[in-house]
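Peer 1: Please find final04.cif (mmCIF, C-alpha atoms) on the next line:
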```
data_query
loop_
_atom_site.label_atom_id
_atom_site.label_comp_id
_atom_site.auth_asym_id
_atom_site.auth_seq_id
_atom_site.Cartn_x
_atom_site.Cartn_y
_atom_site.Cartn_z
CA MET A 1 15.47 -10.89 -4.73
CA ASP A 2 16.09 -12.80 -1.55
CA LYS A 3 15.85 -12.32 2.18
CA ILE A 4 19.14 -10.40 2.34
CA LYS A 5 17.91 -7.94 -0.32
CA ILE A 6 14.66 -7.42 1.60
CA GLU A 7 16.60 -6.80 4.82
CA GLN A 8 18.94 -4.37 3.02
CA LEU A 9 15.98 -2.50 1.54
CA LEU A 10 14.43 -2.14 5.00
CA ILE A 11 17.72 -0.86 6.41
CA ASN A 12 18.10 1.58 3.48
CA TYR A 13 14.68 3.05 4.30
CA GLY A 14 15.62 3.75 7.90
CA PHE A 15 14.46 0.56 9.61
CA ASN A 16 16.72 -0.89 12.29
CA LYS A 17 17.07 -4.58 13.04
CA SER A 18 15.64 -5.09 16.49
CA LYS A 19 13.47 -7.32 18.66
CA LEU A 20 9.86 -7.10 19.83
CA ILE A 21 9.99 -7.34 23.60
CA ILE A 22 7.29 -7.17 26.25
CA GLY A 23 8.34 -5.68 29.55
CA LYS A 24 12.03 -5.98 30.30
CA ASP A 25 12.88 -9.42 28.99
CA THR A 26 10.02 -11.28 27.25
CA GLU A 27 11.08 -11.60 23.63
CA VAL A 28 8.19 -12.05 21.20
CA PHE A 29 10.16 -11.84 17.93
CA SER A 30 13.93 -11.94 17.70
CA GLU A 31 14.31 -10.39 14.26
CA VAL A 32 12.18 -7.37 13.46
CA PHE A 33 12.82 -4.19 11.49
CA ILE A 34 11.52 -1.12 13.32
CA LYS A 35 11.50 2.53 12.29
CA GLU A 36 11.30 5.23 14.96
CA ASN A 37 9.31 2.84 17.18
CA LYS A 38 6.31 3.58 14.95
CA GLU A 39 6.34 0.84 12.34
CA ALA A 40 7.61 -2.74 12.32
CA TYR A 41 8.23 -5.36 9.65
CA ILE A 42 8.58 -9.00 10.61
CA LEU A 43 10.14 -11.37 8.08
CA PHE A 44 8.26 -14.66 8.00
CA GLU A 45 10.47 -17.75 8.04
CA GLY A 46 9.60 -21.37 7.58
CA LEU A 47 7.04 -23.36 5.66
CA ILE A 48 4.17 -21.19 4.46
CA ASN A 49 0.87 -22.72 5.44
CA LYS A 50 -2.25 -21.70 7.31
CA GLU A 51 -1.00 -23.00 10.66
CA SER A 52 2.36 -21.21 10.54
CA ILE A 53 0.82 -17.91 9.43
CA ASN A 54 -1.72 -18.21 12.25
CA LYS A 55 1.13 -18.91 14.68
CA TYR A 56 2.81 -15.62 13.66
CA GLN A 57 -0.51 -13.79 13.98
CA LYS A 58 -1.05 -15.19 17.51
CA LYS A 59 2.41 -13.96 18.57
CA ILE A 60 1.71 -10.54 17.04
CA LEU A 61 -1.68 -10.40 18.79
CA TRP A 62 -0.02 -11.34 22.06
CA PHE A 63 2.46 -8.47 21.58
CA GLN A 64 -0.37 -6.06 20.71
CA ASN A 65 -2.27 -6.98 23.85
CA TRP A 66 0.69 -6.54 26.20
CA SER A 67 2.78 -3.84 24.53
CA ASP A 68 3.18 -0.39 26.03
CA SER A 69 3.68 1.18 22.59
CA ASP A 70 0.27 2.36 21.39
CA ILE A 71 1.66 3.41 18.00
CA LEU A 72 3.79 0.35 17.25
CA ARG A 73 1.17 -2.21 18.25
CA TYR A 74 -1.08 -1.16 15.36
CA ASN A 75 1.64 -0.76 12.73
CA ILE A 76 3.07 -4.26 12.45
CA ASN A 77 3.50 -5.82 9.04
CA LEU A 78 4.34 -9.43 8.25
CA LEU A 79 6.46 -9.90 5.12
CA ILE A 80 6.02 -13.36 3.67
CA PRO A 81 8.68 -14.09 1.04
CA TYR A 82 8.18 -17.05 -1.30
CA LYS A 83 9.41 -18.34 -4.65
CA SER A 84 6.62 -18.67 -7.18
CA SER A 85 8.67 -21.23 -9.09
CA LYS A 86 8.57 -23.62 -6.13
CA VAL A 87 4.91 -23.48 -5.09
CA ASN A 88 1.61 -24.71 -6.43
CA ARG A 89 0.22 -21.47 -7.92
CA ASP A 90 -3.48 -22.22 -7.35
CA GLU A 91 -2.99 -23.30 -3.76
CA PHE A 92 -0.69 -20.39 -3.00
CA ASN A 93 -3.04 -17.86 -4.57
CA ARG A 94 -5.67 -19.00 -2.06
CA TYR A 95 -3.25 -18.19 0.79
CA ILE A 96 -2.53 -14.79 -0.69
CA PHE A 97 -6.22 -14.08 -1.27
CA LYS A 98 -7.17 -15.15 2.27
CA PHE A 99 -4.35 -13.57 4.24
CA GLU A 100 -3.53 -10.36 2.36
CA ARG A 101 -7.13 -9.21 2.57
CA ASP A 102 -7.28 -9.87 6.30
CA SER A 103 -5.57 -7.00 8.11
CA HIS A 104 -7.28 -7.36 11.51
CA ILE A 105 -4.15 -8.36 13.41
CA CYS A 106 -1.50 -7.10 11.00
CA ARG A 107 -0.93 -6.48 7.33
CA LYS A 108 0.47 -9.48 5.51
CA ILE A 109 2.48 -8.77 2.38
CA PHE A 110 3.49 -11.70 0.17
CA LEU A 111 6.73 -11.06 -1.73
CA ASP A 112 7.59 -13.25 -4.71
CA LEU A 113 11.37 -13.74 -4.58
CA ASP A 114 11.35 -14.76 -8.27
CA ASN A 115 9.97 -11.36 -9.29
CA GLU A 116 12.17 -8.30 -8.78
CA ASN A 117 9.17 -5.98 -9.35
CA CYS A 118 7.17 -7.33 -6.43
CA ILE A 119 9.24 -5.22 -4.04
CA ASP A 120 7.06 -2.32 -5.24
CA LEU A 121 4.35 -3.79 -3.01
CA LEU A 122 6.14 -2.44 0.04
CA PRO A 123 4.36 0.78 1.05
CA PHE A 124 7.51 2.74 1.88
CA ASN A 125 9.30 1.91 -1.38
CA LYS A 126 9.13 4.86 -3.76
CA ILE A 127 7.94 3.91 -7.21
CA ASN A 128 9.78 5.69 -9.98
CA LEU A 129 7.28 6.70 -12.60
CA THR A 130 8.65 7.18 -16.05
CA THR A 131 7.14 9.86 -18.20
CA SER A 132 4.64 8.50 -20.64
CA GLN A 133 4.97 9.04 -24.34
CA VAL A 134 1.33 10.04 -24.43
CA ASN A 135 0.77 13.58 -23.27
CA SER A 136 -2.56 14.81 -21.96
CA ASN A 137 -3.52 16.62 -25.18
CA SER A 138 -3.03 13.57 -27.38
CA LEU A 139 -4.81 11.40 -24.81
CA LYS A 140 -7.73 13.83 -24.80
CA ARG A 141 -7.90 13.73 -28.62
CA GLU A 142 -7.90 9.93 -28.59
CA LEU A 143 -10.68 9.81 -26.00
CA ILE A 144 -12.81 12.29 -27.90
CA LYS A 145 -12.24 10.26 -31.06
CA VAL A 146 -13.52 7.11 -29.30
CA LEU A 147 -16.40 8.89 -27.58
CA GLN A 148 -17.17 10.82 -30.77
CA LYS A 149 -18.31 13.86 -28.79
CA ASP A 150 -16.51 16.50 -26.81
CA ASP A 151 -19.55 16.94 -24.53
CA ILE A 152 -19.22 13.40 -23.18
CA TYR A 153 -15.52 13.90 -22.54
CA GLN A 154 -16.20 17.17 -20.67
CA GLU A 155 -18.86 15.45 -18.55
CA LEU A 156 -16.52 12.56 -17.70
CA MET A 157 -13.90 15.01 -16.50
CA LYS A 158 -16.24 16.36 -13.80
CA GLU A 159 -16.10 15.00 -10.28
CA ASP A 160 -19.87 14.40 -10.14
CA ILE A 161 -20.87 13.13 -13.53
CA ASP A 162 -24.40 13.16 -14.90
CA LEU A 163 -24.97 9.59 -16.11
CA GLU A 164 -28.30 10.50 -17.67
CA LEU A 165 -26.66 13.16 -19.82
CA ILE A 166 -23.98 10.68 -20.91
CA LYS A 167 -26.62 8.05 -21.75
CA LYS A 168 -28.62 10.60 -23.68
CA GLU A 169 -25.55 11.76 -25.64
CA LEU A 170 -24.43 8.21 -26.43
CA LEU A 171 -27.89 7.00 -27.42
CA SER A 172 -28.67 10.04 -29.58
CA GLU A 173 -26.58 8.68 -32.44
#
```
Reformat the file's structure so that it appears as C-alpha cells.
Peer 2:
Amino acid sequence: MDKIKIEQLLINYGFNKSKLIIGKDTEVFSEVFIKENKEAYILFEGLINKESINKYQKKILWFQNWSDSDILRYNINLLIPYKSSKVNRDEFNRYIFKFERDSHICRKIFLDLDNENCIDLLPFNKINLTTSQVNSNSLKRELIKVLQKDDIYQELMKEDIDLELIKKELLSE
C-alpha cells in the first residue's frame, strides 16, 4: 500500500481532493480529501517526528479557529503513512502511542505502508467479516464444557451479571 492507494481509497469512498482555505484565499492545506464538507483527511508528508506532527496540528488548529464550517472544523483526520521496515520500531511505537491517543486537535491515524491490512484502521472502510466455522451452538457447548456448569454460562449471558453468584458457583466445586 502506498500514498496513491490511500488516495484512491479515499476517492472510492466519496472523498474529493480539495484544499482547506480560510476566507477567500488563505490556503491552509493544499491537498486534503473532503466528503460533503463534513469530514476531511489530510495526508501527512515528510519526516515523521514530534516537531513535524506538531506543525501539522498547529495548522489544523489555526484552521479550526478561523473556519466558518462548524461541522468540518471538528472532523479533521491526519493520516500518517509510514513503512515499518524503515523505522526504529520502539521509537516509532512511542510516536504512535503518544499521538494516536491524543485527539484534542484532530484524530491521527498511523498507516503502515508495509501492511495491507492496516487500511482497516480507516473508520469509513467497511470490514468484510467472513463467517466463522464455529456456530453459536458449538461455541456455547465449548463454553459450558470449560465452565462446567450451565448456570454460570446463563449468568454470563445477562447484561448485569451477579459476580457473587458466579463466585459461589465456581467455588462450590
Peer 1: Exactly which residues make up the result of the PyMOL selection byres ((chain A and resi 7) around 12) on this file, given as a list in words?
Peer 2: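 With the shown file as input, the PyMOL selection byres ((chain A and resi 7) around 12) matches Met1, Asp2, Lys3, Ile4, Lys5, Ile6, Gln8, Leu9, Leu10, Ile11, Asn12, Tyr13, Gly14, Phe15, Asn16, Lys17, Ser18, Glu31, Val32, Phe33, Ile34, Tyr41, Ile42, Leu43, Phe44, Leu79, Pro81 and Ile119 of chain A.
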Peer 1: What is the distance between atom CA of A:Ala40 and atom CA of A:Leu72, in Å to one decimal?
Peer 2: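 A separation of 7.0 Å between them.
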Peer 1: Would you write out, as a PyMOL selection string, every residue that the PyMOL selection byres ((chain A and resi 73) around 10) captures in this file?
Peer 2: chain A and resi 37-40+60-72+74-76+105-106
Peer 1: Between A:Lys140, A:Lys59, A:Arg89, A:Arg94, which residue has the minimum interatomic distance to A:Val28, considering all atoms listed in the file?
Peer 2: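 Smallest separation from A:Val28 among the options: A:Lys59.
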Peer 1: Can you tell me which residues surround A:Phe99 at a distance of at most 8 Å, considering all atoms listed in the file, apart from same-chain residues fewer than 4 positions away, and format the answer as a JSON list (two decimals) with C-alpha atoms, in the coordinates of the input?
Peer 2:
```
[["chain", "number", "residue", "atom", "x", "y", "z"],
["A", 95, "TYR", "CA", -3.25, -18.19, 0.79],
["A", 103, "SER", "CA", -5.57, -7.00, 8.11],
["A", 108, "LYS", "CA", 0.47, -9.48, 5.51]]
```
Peer 1: Just the number, please: distance in Å from atom CA of A:Asn77 to atom CA of A:Lys50, one decimal.
Peer 2: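 Taking atom CA of A:Asn77 and atom CA of A:Lys50, their separation equals 17.0 Å.
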Peer 1: Please check which residues have atoms at most 12 Å from (-23.9, 7.7, -20.3) in the file's coordinates, counting only C-alpha atoms, and write them as a PDB file with C-alpha atoms, in the coordinates of the input.
Peer 2:
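Output file part.pdb is given in full below:
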```pdb
ATOM      1  CA  LEU A 147     -16.400   8.890 -27.580  1.00  0.00           C
ATOM      2  CA  LYS A 149     -18.310  13.860 -28.790  1.00  0.00           C
ATOM      3  CA  ASP A 151     -19.550  16.940 -24.530  1.00  0.00           C
ATOM      4  CA  ILE A 152     -19.220  13.400 -23.180  1.00  0.00           C
ATOM      5  CA  TYR A 153     -15.520  13.900 -22.540  1.00  0.00           C
ATOM      6  CA  GLU A 155     -18.860  15.450 -18.550  1.00  0.00           C
ATOM      7  CA  LEU A 156     -16.520  12.560 -17.700  1.00  0.00           C
ATOM      8  CA  ILE A 161     -20.870  13.130 -13.530  1.00  0.00           C
ATOM      9  CA  ASP A 162     -24.400  13.160 -14.900  1.00  0.00           C
ATOM     10  CA  LEU A 163     -24.970   9.590 -16.110  1.00  0.00           C
ATOM     11  CA  GLU A 164     -28.300  10.500 -17.670  1.00  0.00           C
ATOM     12  CA  LEU A 165     -26.660  13.160 -19.820  1.00  0.00           C
ATOM     13  CA  ILE A 166     -23.980  10.680 -20.910  1.00  0.00           C
ATOM     14  CA  LYS A 167     -26.620   8.050 -21.750  1.00  0.00           C
ATOM     15  CA  LYS A 168     -28.620  10.600 -23.680  1.00  0.00           C
ATOM     16  CA  GLU A 169     -25.550  11.760 -25.640  1.00  0.00           C
ATOM     17  CA  LEU A 170     -24.430   8.210 -26.430  1.00  0.00           C
ATOM     18  CA  LEU A 171     -27.890   7.000 -27.420  1.00  0.00           C
ATOM     19  CA  SER A 172     -28.670  10.040 -29.580  1.00  0.00           C
TER      20      SER A 172
END
```
Peer 1: How many Å separate atom CA of A:Lys35 from atom CA of A:Glu51?
Peer 2: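 Here the two named atoms are 28.5 Å from each other.
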Peer 1: Using all atoms listed in the file, which of A:His104, A:Asp112, A:Ile80, A:Lys19 sits nearest A:Lys58?
Peer 2: A:His104
